[in-house]
Structure formats: C-alpha cells, structure tokens
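Reproduced below: target-v3.pdb, with PDB, C-alpha atoms.
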```pdb
ATOM      1  CA  MET A1305      32.968  94.217 154.874
ATOM      2  CA  LEU A1306      35.670  91.977 153.378
ATOM      3  CA  ARG A1307      35.522  93.805 150.036
ATOM      4  CA  HIS A1308      35.981  97.113 151.807
ATOM      5  CA  PHE A1309      38.980  95.719 153.696
ATOM      6  CA  LYS A1310      40.518  94.447 150.446
ATOM      7  CA  ALA A1311      39.970  97.788 148.712
ATOM      8  CA  GLU A1312      41.626  99.684 151.573
ATOM      9  CA  PHE A1313      44.392  97.088 151.768
ATOM     10  CA  PHE A1314      45.304  97.460 148.098
ATOM     11  CA  LYS A1315      44.890 101.235 148.244
ATOM     12  CA  THR A1316      47.598 101.299 150.909
ATOM     13  CA  LEU A1317      49.843  99.278 148.595
ATOM     14  CA  SER A1318      49.109 101.516 145.617
ATOM     15  CA  HIS A1319      52.222 103.669 146.016
ATOM     16  CA  PRO A1320      55.566 102.315 144.719
ATOM     17  CA  THR A1321      57.504 103.821 147.635
ATOM     18  CA  ARG A1322      55.408 101.868 150.127
ATOM     19  CA  ILE A1323      56.156  98.655 148.267
ATOM     20  CA  ARG A1324      59.858  99.555 148.214
ATOM     21  CA  ILE A1325      59.731 100.093 151.989
ATOM     22  CA  LEU A1326      58.052  96.728 152.566
ATOM     23  CA  ASP A1327      60.620  95.021 150.341
ATOM     24  CA  ALA A1328      63.454  96.764 152.192
ATOM     25  CA  LEU A1329      62.121  95.399 155.471
ATOM     26  CA  ARG A1330      62.502  91.800 154.267
ATOM     27  CA  ASP A1331      65.977  91.699 155.766
ATOM     28  CA  GLY A1332      64.789  92.894 159.177
ATOM     29  CA  GLU A1333      64.056  96.016 161.164
ATOM     30  CA  LEU A1334      65.173  99.400 159.867
ATOM     31  CA  THR A1335      65.017 102.969 161.102
ATOM     32  CA  VAL A1336      63.747 105.886 159.034
ATOM     33  CA  ARG A1337      67.372 106.849 158.462
ATOM     34  CA  ASP A1338      68.218 103.331 157.280
ATOM     35  CA  LEU A1339      65.292 103.380 154.860
ATOM     36  CA  GLN A1340      66.192 106.864 153.698
ATOM     37  CA  GLU A1341      69.722 105.748 152.837
ATOM     38  CA  LYS A1342      68.781 102.352 151.414
ATOM     39  CA  LEU A1343      66.043 103.734 149.157
ATOM     40  CA  THR A1344      67.655 107.144 148.502
ATOM     41  CA  ILE A1345      64.543 109.034 149.546
ATOM     42  CA  GLU A1346      64.028 112.086 151.727
ATOM     43  CA  GLN A1347      63.410 111.628 155.449
ATOM     44  CA  SER A1348      60.006 113.277 155.127
ATOM     45  CA  THR A1349      59.045 110.903 152.299
ATOM     46  CA  ALA A1350      60.065 107.846 154.317
ATOM     47  CA  SER A1351      58.185 109.116 157.378
ATOM     48  CA  GLN A1352      55.053 109.930 155.370
ATOM     49  CA  HIS A1353      54.850 106.478 153.811
ATOM     50  CA  LEU A1354      55.717 104.711 157.043
ATOM     51  CA  ALA A1355      52.859 106.577 158.694
ATOM     52  CA  ALA A1356      50.460 105.339 156.005
ATOM     53  CA  LEU A1357      51.730 101.772 156.375
ATOM     54  CA  ARG A1358      51.547 102.001 160.168
ATOM     55  CA  ALA A1359      47.983 103.362 160.064
ATOM     56  CA  LYS A1360      46.854 100.224 158.217
ATOM     57  CA  ASP A1361      48.982  97.868 160.365
ATOM     58  CA  PHE A1362      51.379  96.885 157.590
ATOM     59  CA  VAL A1363      54.325  97.872 159.777
ATOM     60  CA  VAL A1364      54.938  98.176 163.496
ATOM     61  CA  ALA A1365      57.319 100.516 165.293
ATOM     62  CA  ARG A1366      59.590  99.753 168.220
ATOM     63  CA  ARG A1367      61.351 102.503 170.143
ATOM     64  CA  ASP A1368      64.913 101.879 171.336
ATOM     65  CA  GLY A1369      66.377 104.969 172.979
ATOM     66  CA  THR A1370      66.098 107.765 170.434
ATOM     67  CA  SER A1371      65.653 105.404 167.477
ATOM     68  CA  VAL A1372      62.414 103.979 166.145
ATOM     69  CA  TRP A1373      62.775 100.644 164.403
ATOM     70  CA  TYR A1374      60.197  99.507 161.835
ATOM     71  CA  SER A1375      59.301  95.981 160.837
ATOM     72  CA  VAL A1376      56.544  94.264 158.894
ATOM     73  CA  SER A1377      53.640  93.241 161.112
ATOM     74  CA  ASP A1378      52.626  90.224 158.994
ATOM     75  CA  LYS A1379      55.341  88.514 156.995
ATOM     76  CA  SER A1380      52.796  86.993 154.600
ATOM     77  CA  ILE A1381      52.715  90.403 152.885
ATOM     78  CA  TRP A1382      55.884  89.290 151.107
ATOM     79  CA  LYS A1383      54.029  86.311 149.618
ATOM     80  CA  LEU A1384      51.532  88.754 148.136
ATOM     81  CA  LEU A1385      54.303  90.964 146.747
ATOM     82  CA  ASP A1386      56.071  87.904 145.313
ATOM     83  CA  ILE A1387      52.862  86.763 143.612
ATOM     84  CA  ALA A1388      52.436  90.254 142.120
ATOM     85  CA  ARG A1389      56.018  90.037 140.783
ATOM     86  CA  ASP A1390      55.278  86.624 139.265
ATOM     87  CA  VAL A1391      52.135  87.931 137.554
ATOM     88  CA  TYR A1392      54.112  90.897 136.220
ATOM     89  CA  GLU A1393      56.838  88.628 134.818
ATOM     90  CA  ARG A1394      54.281  86.350 133.110
ATOM     91  CA  GLN A1395      52.587  89.383 131.564
ATOM     92  CA  LEU A1396      55.940  90.603 130.263
ATOM     93  CA  VAL A1397      56.548  87.246 128.610
ATOM     94  CA  ARG A1398      53.071  87.266 127.021
ATOM     95  CA  ASN A1399      53.448  90.857 125.851
ATOM     96  CA  ARG A1400      56.849  90.128 124.369
ATOM     97  CA  ALA A1401      55.475  87.083 122.542
ATOM     98  CA  SER A1402      52.638  89.202 121.143
ATOM     99  CA  PHE A1403      55.070  91.908 120.087
ATOM    100  CA  ASP A1404      57.416  89.404 118.442
ATOM    101  CA  SER A1405      54.539  87.840 116.503
ATOM    102  CA  LEU A1406      53.781  91.248 114.936
ATOM    103  CA  ARG A1407      57.249  91.598 113.442
TER     104      ARG A1407
END
```
Can you present the structure in this file as structure tokens?
Amino acid sequence: MLRHFKAEFFKTLSHPTRIRILDALRDGELTVRDLQEKLTIEQSTASQHLAALRAKDFVVARRDGTSVWYSVSDKSIWKLLDIARDVYERQLVRNRASFDSLR
C-alpha cells in the first residue's frame, strides 16, 4: 500500500512543469493566469498540470468571484523538492570531479 502511494506520488512529480508550478507556489496562492505569466506557459498547459496536481492532492483550489486561486496543500512538499535539488547539486560536483580527473 505504501509503496503504491510512493510510486503514484513520484509519478505525479515526474513532469518538470508540475515541479515548476509547485516551486512557483512557494510565495503564496496564484491563479492560472498568474502561473501562465510567471512560467511563460499556455493557459491550457497550466490548467492540465494543475488538474493532475489537484487530483493527487498536491494543490488545493479556492474560488474567489471569477478567479480560482491555487496553493500547495502540504508545505512539506518543498522540503522534498529542496532535498532533490541538494542531491542534484552533489551529483554535479561528483560528476565534475570525475570529469576533471580524466583530463
């Protein structure tokens, strides 16, 4: 059960645009239009990825008049994304060291 949850969880995060959306929401709620402008993506692209994130409870929506505002449902997601960035940076350092040793 837990393994299935983890697999689905990471599958949802497997698209770079979804990660960009989650990172953009660090500063607070945004509308589709806000995300579209901030990330320079099409409205349909933003909506499609928000729907995927909403379906897995990564984001929540709040209606205010004609606008729908999106926010992250669990702020600990940013810890996970920060850890992934740290792993990436350490791998870059190791790869660079390996490359430099071959010269």
- Item | Distance of CA of Phe1403 (chain A) from CA of Ile1387 (chain A), expressed in Å to one decimal place |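 Result for CA of Ile1387 (chain A) versus CA of Phe1403 (chain A): 24.2 Å, one decimal.
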- Task: Pick out the closest residue to Ile1381 (chain A) from this set: A:Leu1329, A:Ala1356, A:Met1305, A:Ala1311. Count only C-alpha atoms.
- Result: A:Leu1329
- Item | Spatial neighbours of Ser1377 (chain A), 6 Å, only C-alpha atoms, chain gap at least 6 places, as a PyMOL selection string | chain A and resi 1362-1364
- Message: For the provided coordinates, the residues matched by the PyMOL selection byres ((chain A and resi 1338) around 12) should be stated as a list in words.
- Response: Ile1325, Ala1328, Leu1329, Asp1331, Gly1332, Glu1333, Leu1334, Thr1335, Val1336, Arg1337, Leu1339, Gln1340, Glu1341, Lys1342, Leu1343, Thr1344, Ile1345, Glu1346, Gln1347, Ala1350, Ser1351, Ser1371, Val1372, Trp1373 and Tyr1374 of chain A
- Query: Can you tell me how far CA of Thr1321 (chain A) sits from CA of Lys1360 (chain A), in Å to one decimal?
  - Reply: 15.4 Å
Test item: axis-aligned box, all listed atoms of region 1381-1390 of chain A, 4 Å on each side, centre and edges in Å rounded to one decimal, as lines of an AutoDock Vina configuration file:
```
center_x = 53.8
center_y = 88.6
center_z = 146.1
size_x = 12.5
size_y = 12.7
size_z = 21.6
```
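One finds CA of Glu1393 (chain A) at 20.3 Å from CA of Leu1406 (chain A).
Minimum atom-to-atom distances from A:Leu1384, A:Val1397, A:Lys1379, A:His1353 to Phe1314 (chain A) were compared using all atoms listed in the file, and the lowest value belongs to A:Leu1384.
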- Message: Would you pick out the contacts of His1319 (chain A) at 12 Å or less, using only C-alpha atoms, so that residues sharing its chain but fewer than 3 positions from it are not included, and give the list as a list in words?
- Response: Phe1313, Phe1314, Lys1315, Thr1316, Arg1322, Ile1323, Arg1324, Ile1325, Leu1326, Thr1349, Gln1352, His1353, Leu1354, Ala1356 and Leu1357 of chain A
Would you mind completing region 1343-1354 of chain A to all heavy atoms and writing the output as a PDB file, keeping the file's coordinate frame?
```
ATOM      1  N   LEU A1343      66.938 103.462 150.287  1.00  0.00           N
ATOM      2  CA  LEU A1343      66.043 103.734 149.157  1.00  0.00           C
ATOM      3  C   LEU A1343      66.334 105.059 148.471  1.00  0.00           C
ATOM      4  O   LEU A1343      65.668 105.403 147.495  1.00  0.00           O
ATOM      5  CB  LEU A1343      64.581 103.714 149.634  1.00  0.00           C
ATOM      6  CG  LEU A1343      64.127 102.429 150.324  1.00  0.00           C
ATOM      7  CD1 LEU A1343      62.688 102.571 150.794  1.00  0.00           C
ATOM      8  CD2 LEU A1343      64.294 101.227 149.412  1.00  0.00           C
ATOM      9  N   THR A1344      67.316 105.794 148.993  1.00  0.00           N
ATOM     10  CA  THR A1344      67.655 107.144 148.502  1.00  0.00           C
ATOM     11  C   THR A1344      66.404 108.015 148.353  1.00  0.00           C
ATOM     12  O   THR A1344      66.079 108.501 147.274  1.00  0.00           O
ATOM     13  CB  THR A1344      68.475 107.107 147.177  1.00  0.00           C
ATOM     14  OG1 THR A1344      67.725 106.470 146.158  1.00  0.00           O
ATOM     15  CG2 THR A1344      69.816 106.439 147.378  1.00  0.00           C
ATOM     16  N   ILE A1345      65.718 108.165 149.488  1.00  0.00           N
ATOM     17  CA  ILE A1345      64.543 109.034 149.546  1.00  0.00           C
ATOM     18  C   ILE A1345      64.733 110.014 150.701  1.00  0.00           C
ATOM     19  O   ILE A1345      65.553 109.792 151.590  1.00  0.00           O
ATOM     20  CB  ILE A1345      63.226 108.230 149.728  1.00  0.00           C
ATOM     21  CG1 ILE A1345      63.277 107.357 150.986  1.00  0.00           C
ATOM     22  CG2 ILE A1345      62.931 107.396 148.496  1.00  0.00           C
ATOM     23  CD1 ILE A1345      61.993 106.595 151.280  1.00  0.00           C
ATOM     24  N   GLU A1346      63.975 111.082 150.671  1.00  0.00           N
ATOM     25  CA  GLU A1346      64.028 112.086 151.727  1.00  0.00           C
ATOM     26  C   GLU A1346      63.438 111.518 153.022  1.00  0.00           C
ATOM     27  O   GLU A1346      62.572 110.646 152.996  1.00  0.00           O
ATOM     28  CB  GLU A1346      63.240 113.336 151.321  1.00  0.00           C
ATOM     29  CG  GLU A1346      63.801 114.055 150.111  1.00  0.00           C
ATOM     30  CD  GLU A1346      65.155 114.671 150.388  1.00  0.00           C
ATOM     31  OE1 GLU A1346      65.382 115.151 151.514  1.00  0.00           O
ATOM     32  OE2 GLU A1346      66.002 114.647 149.465  1.00  0.00           O
ATOM     33  N   GLN A1347      63.907 112.057 154.145  1.00  0.00           N
ATOM     34  CA  GLN A1347      63.410 111.628 155.449  1.00  0.00           C
ATOM     35  C   GLN A1347      61.909 111.852 155.545  1.00  0.00           C
ATOM     36  O   GLN A1347      61.179 111.000 156.042  1.00  0.00           O
ATOM     37  CB  GLN A1347      64.151 112.382 156.562  1.00  0.00           C
ATOM     38  CG  GLN A1347      63.757 111.984 157.966  1.00  0.00           C
ATOM     39  CD  GLN A1347      62.571 112.779 158.499  1.00  0.00           C
ATOM     40  OE1 GLN A1347      62.375 113.933 158.149  1.00  0.00           O
ATOM     41  NE2 GLN A1347      61.784 112.145 159.334  1.00  0.00           N
ATOM     42  N   SER A1348      61.440 112.983 155.047  1.00  0.00           N
ATOM     43  CA  SER A1348      60.006 113.277 155.127  1.00  0.00           C
ATOM     44  C   SER A1348      59.189 112.300 154.285  1.00  0.00           C
ATOM     45  O   SER A1348      58.087 111.908 154.677  1.00  0.00           O
ATOM     46  CB  SER A1348      59.733 114.717 154.682  1.00  0.00           C
ATOM     47  OG  SER A1348      60.180 114.914 153.350  1.00  0.00           O
ATOM     48  N   THR A1349      59.731 111.879 153.153  1.00  0.00           N
ATOM     49  CA  THR A1349      59.045 110.903 152.299  1.00  0.00           C
ATOM     50  C   THR A1349      58.951 109.562 153.010  1.00  0.00           C
ATOM     51  O   THR A1349      57.886 108.935 153.046  1.00  0.00           O
ATOM     52  CB  THR A1349      59.787 110.748 150.956  1.00  0.00           C
ATOM     53  OG1 THR A1349      59.827 112.014 150.303  1.00  0.00           O
ATOM     54  CG2 THR A1349      59.123 109.725 150.057  1.00  0.00           C
ATOM     55  N   ALA A1350      60.068 109.110 153.581  1.00  0.00           N
ATOM     56  CA  ALA A1350      60.065 107.846 154.317  1.00  0.00           C
ATOM     57  C   ALA A1350      59.066 107.901 155.467  1.00  0.00           C
ATOM     58  O   ALA A1350      58.266 106.977 155.641  1.00  0.00           O
ATOM     59  CB  ALA A1350      61.467 107.541 154.838  1.00  0.00           C
ATOM     60  N   SER A1351      59.093 108.980 156.230  1.00  0.00           N
ATOM     61  CA  SER A1351      58.185 109.116 157.378  1.00  0.00           C
ATOM     62  C   SER A1351      56.722 109.131 156.947  1.00  0.00           C
ATOM     63  O   SER A1351      55.875 108.505 157.588  1.00  0.00           O
ATOM     64  CB  SER A1351      58.510 110.392 158.149  1.00  0.00           C
ATOM     65  OG  SER A1351      59.780 110.291 158.734  1.00  0.00           O
ATOM     66  N   GLN A1352      56.433 109.837 155.868  1.00  0.00           N
ATOM     67  CA  GLN A1352      55.053 109.930 155.370  1.00  0.00           C
ATOM     68  C   GLN A1352      54.517 108.546 154.981  1.00  0.00           C
ATOM     69  O   GLN A1352      53.404 108.172 155.352  1.00  0.00           O
ATOM     70  CB  GLN A1352      55.003 110.867 154.173  1.00  0.00           C
ATOM     71  CG  GLN A1352      53.656 110.939 153.488  1.00  0.00           C
ATOM     72  CD  GLN A1352      53.709 111.721 152.183  1.00  0.00           C
ATOM     73  OE1 GLN A1352      54.772 112.042 151.667  1.00  0.00           O
ATOM     74  NE2 GLN A1352      52.547 112.006 151.635  1.00  0.00           N
ATOM     75  N   HIS A1353      55.310 107.788 154.263  1.00  0.00           N
ATOM     76  CA  HIS A1353      54.850 106.478 153.811  1.00  0.00           C
ATOM     77  C   HIS A1353      54.834 105.461 154.945  1.00  0.00           C
ATOM     78  O   HIS A1353      53.946 104.603 154.989  1.00  0.00           O
ATOM     79  CB  HIS A1353      55.685 105.998 152.623  1.00  0.00           C
ATOM     80  CG  HIS A1353      55.399 106.788 151.382  1.00  0.00           C
ATOM     81  ND1 HIS A1353      54.196 106.729 150.716  1.00  0.00           N
ATOM     82  CD2 HIS A1353      56.145 107.688 150.714  1.00  0.00           C
ATOM     83  CE1 HIS A1353      54.213 107.535 149.683  1.00  0.00           C
ATOM     84  NE2 HIS A1353      55.397 108.143 149.658  1.00  0.00           N
ATOM     85  N   LEU A1354      55.767 105.568 155.864  1.00  0.00           N
ATOM     86  CA  LEU A1354      55.717 104.711 157.043  1.00  0.00           C
ATOM     87  C   LEU A1354      54.464 104.979 157.864  1.00  0.00           C
ATOM     88  O   LEU A1354      53.844 104.052 158.395  1.00  0.00           O
ATOM     89  CB  LEU A1354      56.964 104.892 157.904  1.00  0.00           C
ATOM     90  CG  LEU A1354      58.213 104.196 157.395  1.00  0.00           C
ATOM     91  CD1 LEU A1354      59.447 104.730 158.108  1.00  0.00           C
ATOM     92  CD2 LEU A1354      58.100 102.679 157.560  1.00  0.00           C
TER      93      LEU A1354
END
```
